[in-house]
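Asker: One structure follows; several queries about it will come next.
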Amino acid sequence: MWHSPVRPRRAVAMSVSHSSRLNKLVREQYMRLPQDGRVQVTYVWIDGSGEGVRCKSRTLDKEPKSVEDVPEWNFDGSSTAQAEGSNSDMFLVPVCMFRDPFCLDPNKLVLCEVLKYNRKPAETNLRHTCKKVMDLVKDSHPWFGMEQEYTLLGINGHPYGWPDNGFPGPQGPYYCGVGADKVYGRDIVESHYKACLYAGVKICGTNAEVMPSQWEFQVGPCEGIEMGDHLWMARFILHRVCEDFGVVATLDPKPMTGNWNGAGCHTNYSTEEMRREGGLKHIEAAIEKLSKRHDYHICVYDPRGGRDNSRRLTGHHETSNIFEFSAGVANRGASIRIPRQVGQDGYGYFEDRRPAANCDPYAVTEAIMRTTVLNETGVETKDYAEH
């Protein structure tokens with residue numbers, strides 16, 4: 001009796017980069033080689049888009065014990081949308097140092113501010129003014145915790161794990177989900193978590209989000225300028241981990257149109273007086289100030305003056321309406337949420353749910369301090385450098 005040959009099932013072709021398919025065991029052979037006391041230092045900075053990060057590495061003769069031991073460097077700003085070719089040298093000024101989870105100890109990752117040829121901050125160096133504001137308000141001891149949502153994409157720009165020519169099932173089973181049919185890319189998420197812990201980033205948690213292939217990690221509590229430093233380094237590490245796995249992490253606030261959740265960067269905030277017994281009255285006073293400056297905050301909560309967030313803040317999918325300010329206890333459809341436990345205890349913190357996933361944390365935290373502690377009003381900001 002004749003039988004037709006059994007054909008092997010075609011493997012599903014995942015859209016990953018060519019580099020991720022290189023033999024990583026060969027790489028490990030070189031990574032184990034001794035360095036004879038010398039150290040690789042990777043300088044990390046924010047490029048001209050205000051969203052992307054760049055990096056390059058150099059050798060130091062000995063391990064730096066603090067960021068002050070790391071020398072300034074420079075780069076070609078005309079290739080990062082930060083300068084013209086005729087005057088392209090930009091300065092890299094080290095501001096925060098971390099352990100390197102890719103090259104391992106004693107090697108370092110160093111976050112840098114970017115200065116122009118005249119030593120003035122580059123346009124996307126929002127850390128410079130944030131640091132000035134944080135120094136002014138340091139006695140209020142502001143604590144922040146930011147919840148960074150992101151979406152994993154294949155190298156073709158399609159959400160990782162989604163059907164090539166269709167969509168997964170409706171939202172519902174994916175948030176904090178478990179199982180191969182519920183979550184996609186957990187290896188990436190757990191690798192990023194461990195890499196951040198090794199580096200010294202103040203990462204404090206992670207979870208699968210409402211849309212499949214969407215994830216979140218949280219950084220904090222961080223005081224003052226530390227919030228922006230640690231979140232930017234966590235983002236850099238995320239992109240590097242994704243590079244190893246051959247996929248892309250996008251911070252687009254609404255990567256998929258239709259009945260899918262967007263991606264935000266909810267910002268939890270408190271001052272010392274809010275954290276004390278009876279602090280709820282200070283929380284409510286801060287929210288009242290924020291209510292009168294909604295337009296200003298919307299403008300600084302994404303890199304395009306609110307245009308990115310307009311795709312996300314629709315009043316649907318656990319968001320508030322971009323044109324209206326609202327606040328409430330345990331209300332995830334409000335601009336500001338007071339956690340239920342805080343309402344019961346009478347002290348603690350509140351959550352600003354408006355920042356987009358691609359926000360600059362320096363801009364967000366600076367804006368919150370300007371409004372709630374420095375009591376600024378209107379859409380203009382005060383230049384404290386003159387005082």
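For the structure tokens, the naming scheme is as follows: chains receive sequential letters (A, B, ...) according to their order of presentation, residues are indexed from 1 within each chain, and ligands are indexed from 1 in presentation order.
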Within 9 Å of stretch 46-52 of chain A, counting only C-alpha atoms, which residues qualify if same-chain residues fewer than 4 places away don't, as a list of chain:residue names?
Answerer: A:Gly77, A:Thr80, A:Ala81, A:Gln82, A:Ala83, A:Leu111, A:Cys112, A:Glu113, A:Val114, A:Ala122, A:Glu123, A:Thr124, A:Asn125, A:Leu126, A:Trp232, A:Phe236, A:Leu251, A:Pro303, A:Asn358, A:Cys359, A:Asp360
Asker: May I have all residues of stretch 190-303 of chain A that DSSP, computed from the backbone, assigns to strand (DSSP E), given as a list in words?
Answerer: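 These are the residues in question: Ile203, Cys204, Gly205, Thr206, Asn207, Ala208, Gln214, Trp215, Glu216, Phe217, Gln218, Val219, Gly220, Pro221, Cys222, Glu223, Val248, Ala249, Thr250, Cys265, His266, Thr267, Asn268, Tyr269 and Ser270 of chain A.
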Asker: Kindly give the distance, in Å, that separates atom CA of A:Lys194 and atom CA of A:Tyr43, rounded to a single decimal.
Answerer: 20.7 Å
Asker: Quick one, how far is atom CA of A:Val53 from atom CA of A:Glu147?
Answerer: 18.9 Å
Asker: Considering only C-alpha atoms, tabulate each residue of stretch 69-135 of chain A that lies at most 12 Å from stretch 25-35 of chain A along with its nearest interatomic pair and the corresponding distance in Å to one decimal; arrange the rows by chain and ascending residue number and present them as JSON lines.
Answerer:
{"residue": "A:Phe102", "atom": "CA", "partner": "A:Met31", "partner_atom": "CA", "distance": 9.4}
{"residue": "A:Cys103", "atom": "CA", "partner": "A:Met31", "partner_atom": "CA", "distance": 7.1}
{"residue": "A:Leu104", "atom": "CA", "partner": "A:Met31", "partner_atom": "CA", "distance": 9.1}
{"residue": "A:Asp105", "atom": "CA", "partner": "A:Gln35", "partner_atom": "CA", "distance": 10.6}
{"residue": "A:Pro106", "atom": "CA", "partner": "A:Gln35", "partner_atom": "CA", "distance": 9.4}
{"residue": "A:Asn107", "atom": "CA", "partner": "A:Gln35", "partner_atom": "CA", "distance": 9.9}
Asker: Atom CA of A:Gly262 to atom CA of A:Ile203: how many Å, to one decimal?
Answerer: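 Separation of atom CA of A:Gly262 and atom CA of A:Ile203: 21.9 Å.
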Asker: Excluding same-chain residues fewer than 3 positions from A:Ile155, what lies within 12 Å of it counting only C-alpha atoms, as a PyMOL selection string?
Answerer: chain A and resi 13-20+152+158-161+242-243+245-250
Asker: Would you mind telling me which residue in A:Ser191, A:Gln218, A:Asn207, A:Thr151 lies nearest to A:Pro255 when using only C-alpha atoms?
Answerer: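 For A:Pro255, the nearest of the given residues is A:Thr151.
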Asker: I want to know what sits within 10 Å of A:Leu374, based on only C-alpha atoms, with residues of the same chain fewer than 5 positions away left out; could you give that as a ChimeraX atom specification?
Answerer: /A:133,136-137,367-369,382
Asker: For the selection just defined, write its residues with all heavy atoms to a file, as a PDB file, in the first residue's frame.
Answerer:
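Result file follows (result22.pdb):
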ATOM      1  N   VAL A 133      16.479  72.640  39.146  1.00  0.00           N
ATOM      2  CA  VAL A 133      15.210  72.655  39.884  1.00  0.00           C
ATOM      3  C   VAL A 133      15.273  71.699  41.064  1.00  0.00           C
ATOM      4  O   VAL A 133      14.835  72.032  42.174  1.00  0.00           O
ATOM      5  CB  VAL A 133      14.042  72.314  38.936  1.00  0.00           C
ATOM      6  CG1 VAL A 133      12.771  72.015  39.724  1.00  0.00           C
ATOM      7  CG2 VAL A 133      13.799  73.456  37.953  1.00  0.00           C
ATOM      8  N   LEU A 136      17.004  73.150  43.926  1.00  0.00           N
ATOM      9  CA  LEU A 136      16.198  74.168  44.611  1.00  0.00           C
ATOM     10  C   LEU A 136      15.196  73.556  45.589  1.00  0.00           C
ATOM     11  O   LEU A 136      14.898  74.145  46.627  1.00  0.00           O
ATOM     12  CB  LEU A 136      15.445  75.018  43.584  1.00  0.00           C
ATOM     13  CG  LEU A 136      16.227  76.106  42.843  1.00  0.00           C
ATOM     14  CD1 LEU A 136      15.364  76.703  41.745  1.00  0.00           C
ATOM     15  CD2 LEU A 136      16.685  77.201  43.801  1.00  0.00           C
ATOM     16  N   VAL A 137      14.665  72.389  45.239  1.00  0.00           N
ATOM     17  CA  VAL A 137      13.588  71.796  46.040  1.00  0.00           C
ATOM     18  C   VAL A 137      14.076  70.633  46.904  1.00  0.00           C
ATOM     19  O   VAL A 137      13.258  69.879  47.436  1.00  0.00           O
ATOM     20  CB  VAL A 137      12.436  71.309  45.124  1.00  0.00           C
ATOM     21  CG1 VAL A 137      11.888  72.466  44.295  1.00  0.00           C
ATOM     22  CG2 VAL A 137      12.893  70.173  44.209  1.00  0.00           C
ATOM     23  N   ALA A 367       8.777  69.335  35.724  1.00  0.00           N
ATOM     24  CA  ALA A 367       7.484  70.018  35.634  1.00  0.00           C
ATOM     25  C   ALA A 367       6.670  69.839  36.910  1.00  0.00           C
ATOM     26  O   ALA A 367       6.042  70.791  37.411  1.00  0.00           O
ATOM     27  CB  ALA A 367       6.706  69.498  34.432  1.00  0.00           C
ATOM     28  N   ILE A 368       6.665  68.641  37.464  1.00  0.00           N
ATOM     29  CA  ILE A 368       5.912  68.386  38.685  1.00  0.00           C
ATOM     30  C   ILE A 368       6.443  69.234  39.830  1.00  0.00           C
ATOM     31  O   ILE A 368       5.670  69.807  40.622  1.00  0.00           O
ATOM     32  CB  ILE A 368       5.949  66.881  39.031  1.00  0.00           C
ATOM     33  CG1 ILE A 368       5.140  66.080  38.001  1.00  0.00           C
ATOM     34  CG2 ILE A 368       5.405  66.627  40.439  1.00  0.00           C
ATOM     35  CD1 ILE A 368       5.263  64.574  38.138  1.00  0.00           C
ATOM     36  N   MET A 369       7.756  69.363  39.923  1.00  0.00           N
ATOM     37  CA  MET A 369       8.334  70.168  40.996  1.00  0.00           C
ATOM     38  C   MET A 369       8.059  71.656  40.800  1.00  0.00           C
ATOM     39  O   MET A 369       7.786  72.383  41.760  1.00  0.00           O
ATOM     40  CB  MET A 369       9.844  69.920  41.097  1.00  0.00           C
ATOM     41  CG  MET A 369      10.225  68.477  41.398  1.00  0.00           C
ATOM     42  SD  MET A 369       9.211  67.690  42.663  1.00  0.00           S
ATOM     43  CE  MET A 369       9.570  68.705  44.078  1.00  0.00           C
ATOM     44  N   LYS A 382       9.879  79.587  34.870  1.00  0.00           N
ATOM     45  CA  LYS A 382      10.781  80.612  35.417  1.00  0.00           C
ATOM     46  C   LYS A 382      12.229  80.149  35.278  1.00  0.00           C
ATOM     47  O   LYS A 382      12.520  78.966  35.500  1.00  0.00           O
ATOM     48  CB  LYS A 382      10.431  80.848  36.889  1.00  0.00           C
ATOM     49  CG  LYS A 382      11.159  82.016  37.517  1.00  0.00           C
ATOM     50  CD  LYS A 382      10.646  82.259  38.937  1.00  0.00           C
ATOM     51  CE  LYS A 382      11.356  83.430  39.609  1.00  0.00           C
ATOM     52  NZ  LYS A 382      10.870  83.652  40.979  1.00  0.00           N
TER      53      LYS A 382
END
Asker: Excluding stretch 286-302 of chain A and its own-chain neighbours fewer than 2 positions away, which residues fall within 8 Å of it when counting only C-alpha atoms? Please give them as JSON, numbers by chain.
Answerer: {"A": [282, 283, 284, 304, 305, 306, 307, 308, 309, 322, 324, 325, 326, 327, 336, 354, 355, 356, 357, 358, 359, 360, 363, 364, 367, 368, 371, 372, 375, 377, 378, 379, 380]}
Asker: Atoms to include: N, CA and C atoms. Write the selected residues as a short mmCIF file (atom, residue, chain, number, x, y, z; two decimals), in the first residue's frame.
Answerer:
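Listing of result-v9.cif after writing:
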data_model
loop_
_atom_site.label_atom_id
_atom_site.label_comp_id
_atom_site.auth_asym_id
_atom_site.auth_seq_id
_atom_site.Cartn_x
_atom_site.Cartn_y
_atom_site.Cartn_z
N HIS A 282 -1.73 67.64 51.89
CA HIS A 282 -0.68 68.15 51.02
C HIS A 282 -0.79 67.53 49.62
N ILE A 283 -1.20 66.27 49.57
CA ILE A 283 -1.46 65.63 48.28
C ILE A 283 -2.58 66.36 47.55
N GLU A 284 -3.66 66.64 48.26
CA GLU A 284 -4.80 67.32 47.64
C GLU A 284 -4.42 68.73 47.20
N ARG A 304 6.79 65.69 21.69
CA ARG A 304 6.23 66.48 20.60
C ARG A 304 5.12 67.41 21.07
N GLY A 305 5.25 67.89 22.28
CA GLY A 305 4.34 68.90 22.79
C GLY A 305 2.91 68.45 22.95
N GLY A 306 2.69 67.16 23.14
CA GLY A 306 1.35 66.63 23.34
C GLY A 306 0.78 65.88 22.15
N ARG A 307 1.44 65.99 20.99
CA ARG A 307 0.90 65.33 19.79
C ARG A 307 0.93 63.80 19.91
N ASP A 308 2.00 63.27 20.50
CA ASP A 308 2.06 61.82 20.69
C ASP A 308 0.98 61.35 21.66
N ASN A 309 0.84 62.09 22.75
CA ASN A 309 -0.13 61.69 23.77
C ASN A 309 -1.58 61.83 23.29
N ILE A 322 -7.33 63.97 27.02
CA ILE A 322 -6.20 64.89 27.00
C ILE A 322 -6.63 66.35 27.24
N GLU A 324 -9.04 67.38 29.30
CA GLU A 324 -9.68 67.59 30.60
C GLU A 324 -8.80 67.07 31.73
N PHE A 325 -8.79 67.80 32.84
CA PHE A 325 -8.09 67.34 34.03
C PHE A 325 -9.08 66.67 34.97
N SER A 326 -8.66 65.55 35.56
CA SER A 326 -9.52 64.85 36.51
C SER A 326 -8.65 64.16 37.55
N ALA A 327 -9.24 63.88 38.69
CA ALA A 327 -8.52 63.19 39.76
C ALA A 327 -9.51 62.36 40.55
N ILE A 336 -5.08 62.09 37.47
CA ILE A 336 -4.33 61.82 38.70
C ILE A 336 -5.10 60.77 39.51
N ARG A 354 -0.65 60.85 33.18
CA ARG A 354 -0.62 61.49 31.87
C ARG A 354 0.66 61.29 31.06
N PRO A 355 1.85 61.18 31.68
CA PRO A 355 3.06 61.08 30.85
C PRO A 355 3.03 59.91 29.87
N ALA A 356 3.48 60.18 28.65
CA ALA A 356 3.54 59.16 27.61
C ALA A 356 4.74 58.25 27.83
N ALA A 357 4.70 57.07 27.22
CA ALA A 357 5.81 56.11 27.37
C ALA A 357 7.13 56.70 26.90
N ASN A 358 7.08 57.58 25.89
CA ASN A 358 8.32 58.15 25.34
C ASN A 358 8.66 59.51 25.94
N CYS A 359 8.09 59.82 27.09
CA CYS A 359 8.41 61.09 27.75
C CYS A 359 9.87 61.12 28.17
N ASP A 360 10.38 62.31 28.42
CA ASP A 360 11.68 62.45 29.04
C ASP A 360 11.46 62.57 30.54
N ALA A 363 12.09 65.94 32.08
CA ALA A 363 11.06 66.96 31.84
C ALA A 363 9.86 66.76 32.74
N VAL A 364 9.44 65.50 32.92
CA VAL A 364 8.26 65.20 33.73
C VAL A 364 8.48 65.56 35.19
N ALA A 367 8.78 69.34 35.72
CA ALA A 367 7.48 70.02 35.63
C ALA A 367 6.67 69.84 36.91
N ILE A 368 6.66 68.64 37.46
CA ILE A 368 5.91 68.39 38.69
C ILE A 368 6.44 69.23 39.83
N THR A 371 5.49 73.00 39.47
CA THR A 371 4.09 73.31 39.76
C THR A 371 3.74 73.11 41.23
N THR A 372 4.19 71.99 41.81
CA THR A 372 3.71 71.63 43.15
C THR A 372 4.55 72.18 44.29
N ASN A 375 5.51 76.43 42.93
CA ASN A 375 4.25 77.18 42.78
C ASN A 375 4.19 78.03 41.52
N THR A 377 2.78 79.00 37.84
CA THR A 377 1.46 78.93 37.20
C THR A 377 1.60 79.29 35.73
N GLY A 378 0.55 79.02 34.95
CA GLY A 378 0.58 79.36 33.53
C GLY A 378 1.46 78.41 32.73
N VAL A 379 1.67 78.75 31.47
CA VAL A 379 2.44 77.88 30.58
C VAL A 379 3.91 78.25 30.49
N GLU A 380 4.28 79.39 31.04
CA GLU A 380 5.68 79.81 31.02
C GLU A 380 6.41 79.26 32.25
#
Asker: Return the single residue from A:Gly200, A:Asp244, A:Ser57, A:Pro64 that is closest to A:Leu22, with distances computed using only C-alpha atoms.
Answerer: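 Of A:Gly200, A:Asp244, A:Ser57, A:Pro64, the one nearest A:Leu22 is A:Asp244, counting only C-alpha atoms.
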